[in-house]
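S.K.: Dropping the structure in here first, questions after.
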Amino acid sequence: MPEQSQAVRFEEIALPHLSAAYNLARWLVRNDHDAEDVVQEAYLRAFKYFGGYRGGEGRTWLLTIVRNSCYSWLQRNRARELTDSIDETQEDLALEFANPELLLLQHADAQMVRAALAELPIEFREVMVMRELEELSYKEIATIADLPIGTVMSRLARGRKRLHSLLTTRMGSETKGGVA
Amino acid sequence: MTCQDTGLLIHALADGELDLVNSIEIEEHLQDCRSCAQAQENIRGLRSLMKDQSLRFTPAANFEKRLRSAVRREAKEKSMPQAPWWRWSMAAASLVVVVVAVWALVVVLNRPSSDAEIAQEVVSGHVRSLMAQHLTDVPSSDQHTVKPWFDGKLDFSPPVKDLGPQGFDLKGGRLDYIENRPVAAIVYQRRQHLINVFVWPANSNSKSIAQASVRQGYNLIRWTNSGMDWWAISDLNLAELQEFVQLLQN
């Protein structure tokens with residue numbers, strides 16, 4: 001049956017990227033159950049449009065659909081998280097990044113990094129996850145998030161700066177025994 | 001190059017996304033500018049913190065399997081012939097929804113199970129037979145007692161072989177239930193190890209060679225011949241189970 005062999009071909013292309021798809025969705029919707037729902041919805045959607053898939057990078061193709069599914073899910077269920085849109089104007093990135101807090105940072109553990117990353121606005125969070133955890137290139141991120149490369153770069157830079165300052169603030173308050 | 005220019009480029013450099021000309025220029029600048037050099041160090045530090053694999057979320061162990069069956073279900077539904085009019089006709093929509101829902105349900109129920117699902121049912125059947133003290137419905141070491149016992153209980157006649165001389169004692173037969181249909185379970189024993197052989201008519205007439213797998217610590221071997229699907233399962237070691245399967249096939 002053609003539909004069955006199409007399912008097999010689809011699985012060959014889409015299932016190897018399941019862990020990337022799940023990781024992205026999990027970071028965007030921020031809980032296990034919803035992430036599973038969204039990923040399943042995305043895969044079924046991807047399968048539906050699989051006829052239009054013309055080869056090329058399967059991961060980028062799939063993650064684009066996963067990200068879109070996440071956004072429409074958030075729109076339906078937690079629209080509030082999408083409304084605080086960020087200000088895209090440039091800041092002086094280099095200078096503000098220059099605090100000598102590096103030594104402090106080395107003592108941050110994964111749990112702290114995770115908590116801080118989860119706190120970032122979604123626009124920063126998603127580029128950070130795609131770049132740092134999935135190790136996607138700027139170009140791939142630009143395709144998936146449908147953004148110009150320049151915007152990917154500036155979001156990444158600002159996301160890093162925010163993450164860095166969140167972490168150093170926490171490390172600072174922890175070493176002084178204070179409360180963040 | 002000034003500090004102003006490096007703002008984003010310094011990130012691109014850390015990400016290995018900067019072209020050669022810009023890389024050389026920025027590296028020159030970093031040698032002269034302490035604060036940009038510090039920023040570069042901070043970015044590196046942050047990046048190495050985020051290399052921690054525990055930051056990635058991994059899907060639940062059975063999620064891939066669930067996803068796969070959702071896709072298969074979808075594929076099955078897609079392959080049903082669709083009359084083009086109902087898609088567009090709002091008038092008949094409600095009736096059609098009902099028809100399609102029932103149709104889909106029938107499709108789902110009739111869907112041939114995948115090997116993995118059958119394997120799981122075979123393991124469950126085997127474990128159940130050992131746990132519930134319900135190994136056999138007809139305890140007998142005589143193939144001429146076991147085989148006729150299935151008559152009238154199944155719509156097929158399972159082949160039953162006496163392999164006692166080869167060291168696999170026939171213990172009896174039992175009705176079991178796999179893939180939504182009653183099947184024959186024939187029980188053999190070698191030393192302390194019980195072997196369940198599940199047999200039912202195959203969907204097609206093709207033959208397939210024996211394929212072995214391991215599930216929950218049990219060895220499974222499946223094959224198709226003489227129009228039957230066969231699954232043998234046991235805690236017996238694979239080599240002896242293969243020997244057993246060969247004897248059954250001969």
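Following the order of the structure tokens, chains are lettered A, B, ..., residues in each are numbered from 1, and ligands are numbered from 1.
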What are the residues of chain B lining chain A at 9 Å or less? Count only C-alpha atoms, and put the answer as a compact mmCIF listing (two decimals) with N, CA and C atoms, in the first residue's frame.
M.R.:
# COMPACT_ATOMS: atom_id res chain seq x y z
N CYS B 3 35.22 48.48 19.50
CA CYS B 3 34.40 47.67 20.40
C CYS B 3 32.96 47.62 19.90
N GLN B 4 32.52 48.76 19.34
CA GLN B 4 31.16 48.84 18.82
C GLN B 4 30.93 47.76 17.75
N ASP B 5 31.91 47.61 16.89
CA ASP B 5 31.77 46.65 15.79
C ASP B 5 31.76 45.21 16.27
N THR B 6 32.46 44.97 17.36
CA THR B 6 32.65 43.56 17.75
C THR B 6 31.40 42.96 18.38
N GLY B 7 30.49 43.81 18.85
CA GLY B 7 29.31 43.35 19.61
C GLY B 7 28.75 42.00 19.21
N LEU B 8 28.35 41.88 17.95
CA LEU B 8 27.77 40.61 17.52
C LEU B 8 28.82 39.67 16.97
N LEU B 9 29.85 40.29 16.38
CA LEU B 9 30.85 39.46 15.70
C LEU B 9 31.58 38.54 16.69
N ILE B 10 31.71 39.03 17.89
CA ILE B 10 32.42 38.24 18.89
C ILE B 10 31.66 36.94 19.18
N HIS B 11 30.33 37.01 19.07
CA HIS B 11 29.53 35.79 19.23
C HIS B 11 29.70 34.88 18.03
N ALA B 12 29.69 35.52 16.85
CA ALA B 12 29.86 34.73 15.64
C ALA B 12 31.22 34.03 15.65
N ASP B 15 31.04 31.09 17.83
CA ASP B 15 30.23 30.04 17.22
C ASP B 15 30.86 29.46 15.97
N GLU B 17 31.22 31.00 13.21
CA GLU B 17 30.39 31.40 12.07
C GLU B 17 30.94 32.63 11.36
N ARG B 34 41.07 44.82 26.44
CA ARG B 34 40.84 43.91 27.56
C ARG B 34 39.37 43.58 27.74
N SER B 35 38.52 44.59 27.58
CA SER B 35 37.12 44.32 27.90
C SER B 35 36.47 43.41 26.85
N CYS B 36 36.87 43.58 25.60
CA CYS B 36 36.34 42.66 24.59
C CYS B 36 36.91 41.25 24.77
N ALA B 37 38.16 41.19 25.19
CA ALA B 37 38.77 39.88 25.45
C ALA B 37 38.04 39.19 26.60
N GLN B 38 37.68 40.00 27.59
CA GLN B 38 36.93 39.44 28.72
C GLN B 38 35.55 38.94 28.26
N ALA B 39 34.92 39.73 27.42
CA ALA B 39 33.61 39.32 26.90
C ALA B 39 33.74 37.99 26.16
N GLN B 40 34.78 37.87 25.38
CA GLN B 40 35.03 36.63 24.64
C GLN B 40 35.19 35.44 25.59
N GLU B 41 35.94 35.67 26.68
CA GLU B 41 36.12 34.62 27.68
C GLU B 41 34.78 34.24 28.30
N ASN B 42 33.95 35.24 28.60
CA ASN B 42 32.65 34.97 29.21
C ASN B 42 31.75 34.15 28.29
N ILE B 43 31.81 34.49 27.02
CA ILE B 43 30.99 33.73 26.07
C ILE B 43 31.46 32.28 26.02
N GLY B 45 32.99 30.69 28.38
CA GLY B 45 32.63 30.05 29.65
C GLY B 45 31.18 29.62 29.65
N LEU B 46 30.33 30.51 29.17
CA LEU B 46 28.90 30.21 29.12
C LEU B 46 28.62 29.04 28.19
N ARG B 47 29.30 29.07 27.03
CA ARG B 47 29.08 27.99 26.07
C ARG B 47 29.50 26.64 26.64
N LEU B 49 29.55 25.82 29.77
CA LEU B 49 28.55 25.44 30.77
C LEU B 49 27.36 24.75 30.10
N MET B 50 26.99 25.27 28.94
CA MET B 50 25.80 24.74 28.28
C MET B 50 26.07 23.47 27.49
N LYS B 51 27.31 23.07 27.47
CA LYS B 51 27.63 21.79 26.80
C LYS B 51 27.10 20.60 27.61
N ASP B 52 26.73 20.87 28.85
CA ASP B 52 26.27 19.79 29.74
C ASP B 52 25.07 19.06 29.12
N GLN B 53 25.24 17.79 28.85
CA GLN B 53 24.19 17.03 28.18
C GLN B 53 22.91 16.91 29.00
N SER B 54 23.05 17.09 30.32
CA SER B 54 21.85 16.94 31.14
C SER B 54 20.88 18.09 30.93
N LEU B 55 21.31 19.12 30.20
CA LEU B 55 20.39 20.21 29.89
C LEU B 55 19.38 19.82 28.82
N ARG B 56 19.73 18.80 28.07
CA ARG B 56 18.80 18.35 27.04
C ARG B 56 17.73 17.48 27.68
N PHE B 57 16.50 17.66 27.23
CA PHE B 57 15.43 16.78 27.69
C PHE B 57 15.32 15.61 26.74
N THR B 58 15.23 14.42 27.30
CA THR B 58 15.09 13.26 26.41
C THR B 58 13.67 12.71 26.53
N PRO B 59 13.12 12.27 25.40
CA PRO B 59 11.75 11.76 25.43
C PRO B 59 11.64 10.47 26.25
N ALA B 60 10.46 10.21 26.76
CA ALA B 60 10.22 8.99 27.53
C ALA B 60 10.52 7.77 26.66
N PHE B 63 8.02 6.70 24.09
CA PHE B 63 7.40 7.76 23.30
C PHE B 63 7.54 7.50 21.80
N GLU B 64 8.73 7.05 21.40
CA GLU B 64 8.95 6.79 19.97
C GLU B 64 7.96 5.76 19.45
N ARG B 66 4.97 5.05 20.67
CA ARG B 66 3.63 5.64 20.59
C ARG B 66 3.49 6.53 19.35
N LEU B 67 4.56 7.27 19.09
CA LEU B 67 4.56 8.17 17.95
C LEU B 67 4.44 7.38 16.65
N ARG B 68 5.22 6.31 16.60
CA ARG B 68 5.21 5.46 15.42
C ARG B 68 3.82 4.90 15.16
N ALA B 70 1.02 6.18 16.11
CA ALA B 70 0.13 7.28 15.70
C ALA B 70 0.30 7.57 14.21
N VAL B 71 1.54 7.54 13.75
CA VAL B 71 1.80 7.79 12.32
C VAL B 71 1.20 6.66 11.47
N ARG B 72 1.39 5.42 11.94
CA ARG B 72 0.84 4.29 11.19
C ARG B 72 -0.68 4.37 11.09
N GLU B 74 -2.43 7.07 11.16
CA GLU B 74 -2.71 8.15 10.22
C GLU B 74 -2.55 7.65 8.78
N ALA B 75 -1.50 6.88 8.54
CA ALA B 75 -1.23 6.36 7.20
C ALA B 75 -2.38 5.47 6.75
N LYS B 76 -2.85 4.67 7.68
CA LYS B 76 -3.95 3.75 7.37
C LYS B 76 -5.20 4.54 7.00
N GLU B 77 -5.44 5.61 7.75
CA GLU B 77 -6.62 6.41 7.47
C GLU B 77 -6.51 7.13 6.13
N LYS B 78 -5.29 7.59 5.86
CA LYS B 78 -5.08 8.29 4.60
C LYS B 78 -5.31 7.38 3.41
N SER B 79 -5.01 6.09 3.60
CA SER B 79 -5.08 5.18 2.45
C SER B 79 -6.51 4.74 2.15
S.K.: CA of Val38 (chain A) and CA of Glu12 (chain A), how far apart in Å?
M.R.: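 Taking CA of Glu12 (chain A) as the start and CA of Val38 (chain A) as the end point, the length is 20.1 Å.
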S.K.: So which residues of region 14-161 of chain A fall under helix (DSSP H, G or I) by DSSP, listed as a PDB file with C-alpha atoms, in the first residue's frame?
M.R.:
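Below is the file selection_24.pdb, written as the result:
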ATOM      1  CA  ALA A  14      11.663  12.005  10.794  1.00  0.00           C
ATOM      2  CA  LEU A  15      12.289   9.594  13.673  1.00  0.00           C
ATOM      3  CA  PRO A  16      16.073  10.074  13.862  1.00  0.00           C
ATOM      4  CA  HIS A  17      15.352  13.676  14.850  1.00  0.00           C
ATOM      5  CA  LEU A  18      12.924  12.778  17.596  1.00  0.00           C
ATOM      6  CA  SER A  19      15.279  13.690  20.397  1.00  0.00           C
ATOM      7  CA  ALA A  20      15.998  17.110  18.870  1.00  0.00           C
ATOM      8  CA  ALA A  21      12.287  17.652  18.250  1.00  0.00           C
ATOM      9  CA  TYR A  22      11.362  16.678  21.774  1.00  0.00           C
ATOM     10  CA  ASN A  23      14.112  18.753  23.346  1.00  0.00           C
ATOM     11  CA  LEU A  24      13.049  21.867  21.435  1.00  0.00           C
ATOM     12  CA  ALA A  25       9.354  21.365  22.214  1.00  0.00           C
ATOM     13  CA  ARG A  26      10.085  20.606  25.840  1.00  0.00           C
ATOM     14  CA  TRP A  27      12.050  23.838  26.201  1.00  0.00           C
ATOM     15  CA  LEU A  28       9.330  25.851  24.488  1.00  0.00           C
ATOM     16  CA  VAL A  29       6.227  24.516  26.253  1.00  0.00           C
ATOM     17  CA  ASP A  32       6.773  16.796  29.603  1.00  0.00           C
ATOM     18  CA  HIS A  33       3.156  16.048  28.918  1.00  0.00           C
ATOM     19  CA  ASP A  34       2.495  19.073  26.727  1.00  0.00           C
ATOM     20  CA  ALA A  35       5.775  18.518  24.909  1.00  0.00           C
ATOM     21  CA  GLU A  36       4.702  14.984  23.990  1.00  0.00           C
ATOM     22  CA  ASP A  37       1.346  16.244  22.734  1.00  0.00           C
ATOM     23  CA  VAL A  38       2.927  18.970  20.670  1.00  0.00           C
ATOM     24  CA  VAL A  39       5.575  16.669  19.181  1.00  0.00           C
ATOM     25  CA  GLN A  40       2.971  14.108  18.245  1.00  0.00           C
ATOM     26  CA  GLU A  41       0.830  16.786  16.650  1.00  0.00           C
ATOM     27  CA  ALA A  42       3.892  18.073  14.791  1.00  0.00           C
ATOM     28  CA  TYR A  43       4.820  14.623  13.505  1.00  0.00           C
ATOM     29  CA  LEU A  44       1.319  13.973  12.252  1.00  0.00           C
ATOM     30  CA  ARG A  45       1.312  17.349  10.591  1.00  0.00           C
ATOM     31  CA  ALA A  46       4.714  16.636   9.068  1.00  0.00           C
ATOM     32  CA  PHE A  47       3.458  13.300   7.798  1.00  0.00           C
ATOM     33  CA  LYS A  48       0.434  14.968   6.269  1.00  0.00           C
ATOM     34  CA  PHE A  50       5.311  14.776   3.667  1.00  0.00           C
ATOM     35  CA  GLY A  51       4.283  14.664   0.022  1.00  0.00           C
ATOM     36  CA  GLY A  52       5.583  18.231  -0.260  1.00  0.00           C
ATOM     37  CA  GLY A  58      15.274  16.530   7.321  1.00  0.00           C
ATOM     38  CA  ARG A  59      16.133  17.967  10.694  1.00  0.00           C
ATOM     39  CA  THR A  60      15.545  21.575   9.639  1.00  0.00           C
ATOM     40  CA  TRP A  61      12.319  20.640   7.906  1.00  0.00           C
ATOM     41  CA  LEU A  62      11.025  18.759  10.917  1.00  0.00           C
ATOM     42  CA  LEU A  63      12.121  21.286  13.533  1.00  0.00           C
ATOM     43  CA  THR A  64      10.409  24.056  11.584  1.00  0.00           C
ATOM     44  CA  ILE A  65       7.146  22.170  11.910  1.00  0.00           C
ATOM     45  CA  VAL A  66       7.797  21.361  15.564  1.00  0.00           C
ATOM     46  CA  ARG A  67       8.484  24.997  16.353  1.00  0.00           C
ATOM     47  CA  ASN A  68       5.350  26.121  14.536  1.00  0.00           C
ATOM     48  CA  SER A  69       3.309  23.546  16.416  1.00  0.00           C
ATOM     49  CA  CYS A  70       4.753  24.816  19.690  1.00  0.00           C
ATOM     50  CA  TYR A  71       3.820  28.363  18.854  1.00  0.00           C
ATOM     51  CA  SER A  72       0.279  27.524  17.820  1.00  0.00           C
ATOM     52  CA  TRP A  73      -0.086  25.372  20.932  1.00  0.00           C
ATOM     53  CA  LEU A  74       1.090  28.250  23.114  1.00  0.00           C
ATOM     54  CA  GLN A  75      -1.235  30.593  21.246  1.00  0.00           C
ATOM     55  CA  ARG A  76      -4.154  28.307  22.073  1.00  0.00           C
ATOM     56  CA  ASN A  77      -3.211  27.470  25.628  1.00  0.00           C
ATOM     57  CA  ARG A  80       0.206  35.236  27.683  1.00  0.00           C
ATOM     58  CA  GLU A  81       3.673  33.762  27.232  1.00  0.00           C
ATOM     59  CA  LEU A  82       3.792  35.063  23.681  1.00  0.00           C
ATOM     60  CA  THR A  83       2.546  38.594  24.250  1.00  0.00           C
ATOM     61  CA  LEU A  93      26.634  43.847  23.672  1.00  0.00           C
ATOM     62  CA  ALA A  94      30.353  43.589  24.002  1.00  0.00           C
ATOM     63  CA  LEU A  95      30.866  46.011  26.837  1.00  0.00           C
ATOM     64  CA  GLU A  96      28.074  44.708  28.984  1.00  0.00           C
ATOM     65  CA  LEU A 102      34.014  34.056  34.812  1.00  0.00           C
ATOM     66  CA  LEU A 103      35.487  32.305  37.828  1.00  0.00           C
ATOM     67  CA  LEU A 104      32.185  32.561  39.601  1.00  0.00           C
ATOM     68  CA  LEU A 105      30.410  31.057  36.615  1.00  0.00           C
ATOM     69  CA  ALA A 110      23.515  22.224  35.308  1.00  0.00           C
ATOM     70  CA  GLN A 111      20.458  22.713  37.461  1.00  0.00           C
ATOM     71  CA  MET A 112      21.130  26.427  37.819  1.00  0.00           C
ATOM     72  CA  VAL A 113      21.770  26.796  34.115  1.00  0.00           C
ATOM     73  CA  ARG A 114      18.557  24.955  33.378  1.00  0.00           C
ATOM     74  CA  ALA A 115      16.532  27.157  35.714  1.00  0.00           C
ATOM     75  CA  ALA A 116      18.035  30.328  34.288  1.00  0.00           C
ATOM     76  CA  LEU A 117      17.523  29.219  30.689  1.00  0.00           C
ATOM     77  CA  ALA A 118      13.894  28.354  31.435  1.00  0.00           C
ATOM     78  CA  GLU A 119      13.392  31.895  32.666  1.00  0.00           C
ATOM     79  CA  ILE A 122      10.892  32.464  24.520  1.00  0.00           C
ATOM     80  CA  GLU A 123      12.560  34.438  21.709  1.00  0.00           C
ATOM     81  CA  PHE A 124      15.928  34.123  23.424  1.00  0.00           C
ATOM     82  CA  ARG A 125      15.315  30.691  24.855  1.00  0.00           C
ATOM     83  CA  GLU A 126      14.612  29.094  21.490  1.00  0.00           C
ATOM     84  CA  VAL A 127      17.722  30.403  19.746  1.00  0.00           C
ATOM     85  CA  MET A 128      19.856  29.435  22.750  1.00  0.00           C
ATOM     86  CA  VAL A 129      18.419  25.911  22.771  1.00  0.00           C
ATOM     87  CA  MET A 130      18.875  25.498  19.034  1.00  0.00           C
ATOM     88  CA  ARG A 131      22.402  26.896  19.069  1.00  0.00           C
ATOM     89  CA  GLU A 132      23.828  25.524  22.309  1.00  0.00           C
ATOM     90  CA  LEU A 133      21.926  22.301  22.892  1.00  0.00           C
ATOM     91  CA  TYR A 138      22.899  30.340  12.350  1.00  0.00           C
ATOM     92  CA  LYS A 139      21.477  29.549   8.955  1.00  0.00           C
ATOM     93  CA  GLU A 140      19.530  26.543  10.194  1.00  0.00           C
ATOM     94  CA  ILE A 141      18.158  28.536  13.117  1.00  0.00           C
ATOM     95  CA  ALA A 142      17.175  31.350  10.754  1.00  0.00           C
ATOM     96  CA  THR A 143      15.274  28.874   8.585  1.00  0.00           C
ATOM     97  CA  ILE A 144      13.543  27.135  11.465  1.00  0.00           C
ATOM     98  CA  ALA A 145      12.559  30.327  13.291  1.00  0.00           C
ATOM     99  CA  ILE A 149      20.349  35.769  10.210  1.00  0.00           C
ATOM    100  CA  GLY A 150      21.118  39.178  11.741  1.00  0.00           C
ATOM    101  CA  THR A 151      18.191  38.771  14.127  1.00  0.00           C
ATOM    102  CA  VAL A 152      19.326  35.276  15.050  1.00  0.00           C
ATOM    103  CA  MET A 153      22.745  36.687  15.886  1.00  0.00           C
ATOM    104  CA  SER A 154      21.427  39.533  17.985  1.00  0.00           C
ATOM    105  CA  ARG A 155      18.965  37.335  19.864  1.00  0.00           C
ATOM    106  CA  LEU A 156      21.669  34.855  20.568  1.00  0.00           C
ATOM    107  CA  ALA A 157      23.990  37.578  21.822  1.00  0.00           C
ATOM    108  CA  ARG A 158      21.333  39.118  24.002  1.00  0.00           C
ATOM    109  CA  GLY A 159      20.147  35.742  25.229  1.00  0.00           C
ATOM    110  CA  ARG A 160      23.663  34.910  26.297  1.00  0.00           C
ATOM    111  CA  LYS A 161      24.044  38.206  28.036  1.00  0.00           C
TER     112      LYS A 161
END
S.K.: Expressed in Å to a single decimal, how great is the separation between CA of Ile118 (chain B) and CA of Gln246 (chain B)?
M.R.: 21.5 Å
S.K.: For Asp162 (chain B), work out the shell of residues within 10 Å, counting only C-alpha atoms and skipping chain neighbours fewer than 5 positions away, then give it as a short mmCIF file (atom, residue, chain, number, x, y, z; two decimals) with N, CA and C atoms, in the first residue's frame.
M.R.:
data_model
loop_
_atom_site.label_atom_id
_atom_site.label_comp_id
_atom_site.auth_asym_id
_atom_site.auth_seq_id
_atom_site.Cartn_x
_atom_site.Cartn_y
_atom_site.Cartn_z
N SER B 141 1.71 -35.59 26.69
CA SER B 141 2.95 -35.66 25.93
C SER B 141 2.72 -36.39 24.62
N ASP B 142 1.44 -36.62 24.31
CA ASP B 142 1.11 -37.38 23.11
C ASP B 142 0.56 -36.43 22.05
N GLN B 143 1.28 -36.31 20.93
CA GLN B 143 0.83 -35.39 19.89
C GLN B 143 -0.55 -35.75 19.37
N HIS B 144 -0.91 -37.04 19.46
CA HIS B 144 -2.22 -37.45 18.94
C HIS B 144 -3.33 -37.14 19.93
N GLY B 167 14.85 -34.43 22.81
CA GLY B 167 15.12 -33.74 24.07
C GLY B 167 14.21 -32.57 24.35
N PHE B 168 13.15 -32.45 23.56
CA PHE B 168 12.17 -31.39 23.85
C PHE B 168 10.84 -32.07 24.12
N ASP B 169 10.49 -32.20 25.41
CA ASP B 169 9.28 -32.95 25.75
C ASP B 169 8.03 -32.13 25.50
N LEU B 170 7.07 -32.75 24.86
CA LEU B 170 5.77 -32.10 24.67
C LEU B 170 5.04 -32.10 26.00
N LYS B 171 4.56 -30.91 26.42
CA LYS B 171 3.85 -30.84 27.70
C LYS B 171 2.34 -30.72 27.51
N TYR B 188 6.40 -26.97 25.15
CA TYR B 188 7.46 -27.97 25.22
C TYR B 188 8.35 -27.65 26.40
N LEU B 247 14.09 -28.18 14.38
CA LEU B 247 13.41 -29.46 14.46
C LEU B 247 11.93 -29.30 14.11
N LEU B 248 11.33 -28.20 14.58
CA LEU B 248 9.92 -27.96 14.27
C LEU B 248 9.71 -27.74 12.78
#
S.K.: Which one is closest to Ser213 (chain B): B:Met1, B:Ala104, B:Ser234, B:Asn225? Count only C-alpha atoms.
M.R.: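 Among B:Met1, B:Ala104, B:Ser234, B:Asn225, it is B:Ser234 that comes nearest to Ser213 (chain B).
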S.K.: State, in Å with one decimal place, the distance from CA of Gln120 (chain B) to CA of Ile178 (chain B).
M.R.: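 Atom-to-atom, CA of Gln120 (chain B) and CA of Ile178 (chain B) are spaced 9.7 Å apart.
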S.K.: Find the residue from B:Arg73, B:Arg44, B:Lys153, B:Lys65 that sits nearest to Val106 (chain B); use only C-alpha atoms when measuring.
M.R.: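 For Val106 (chain B), the nearest of the candidates is B:Arg73.
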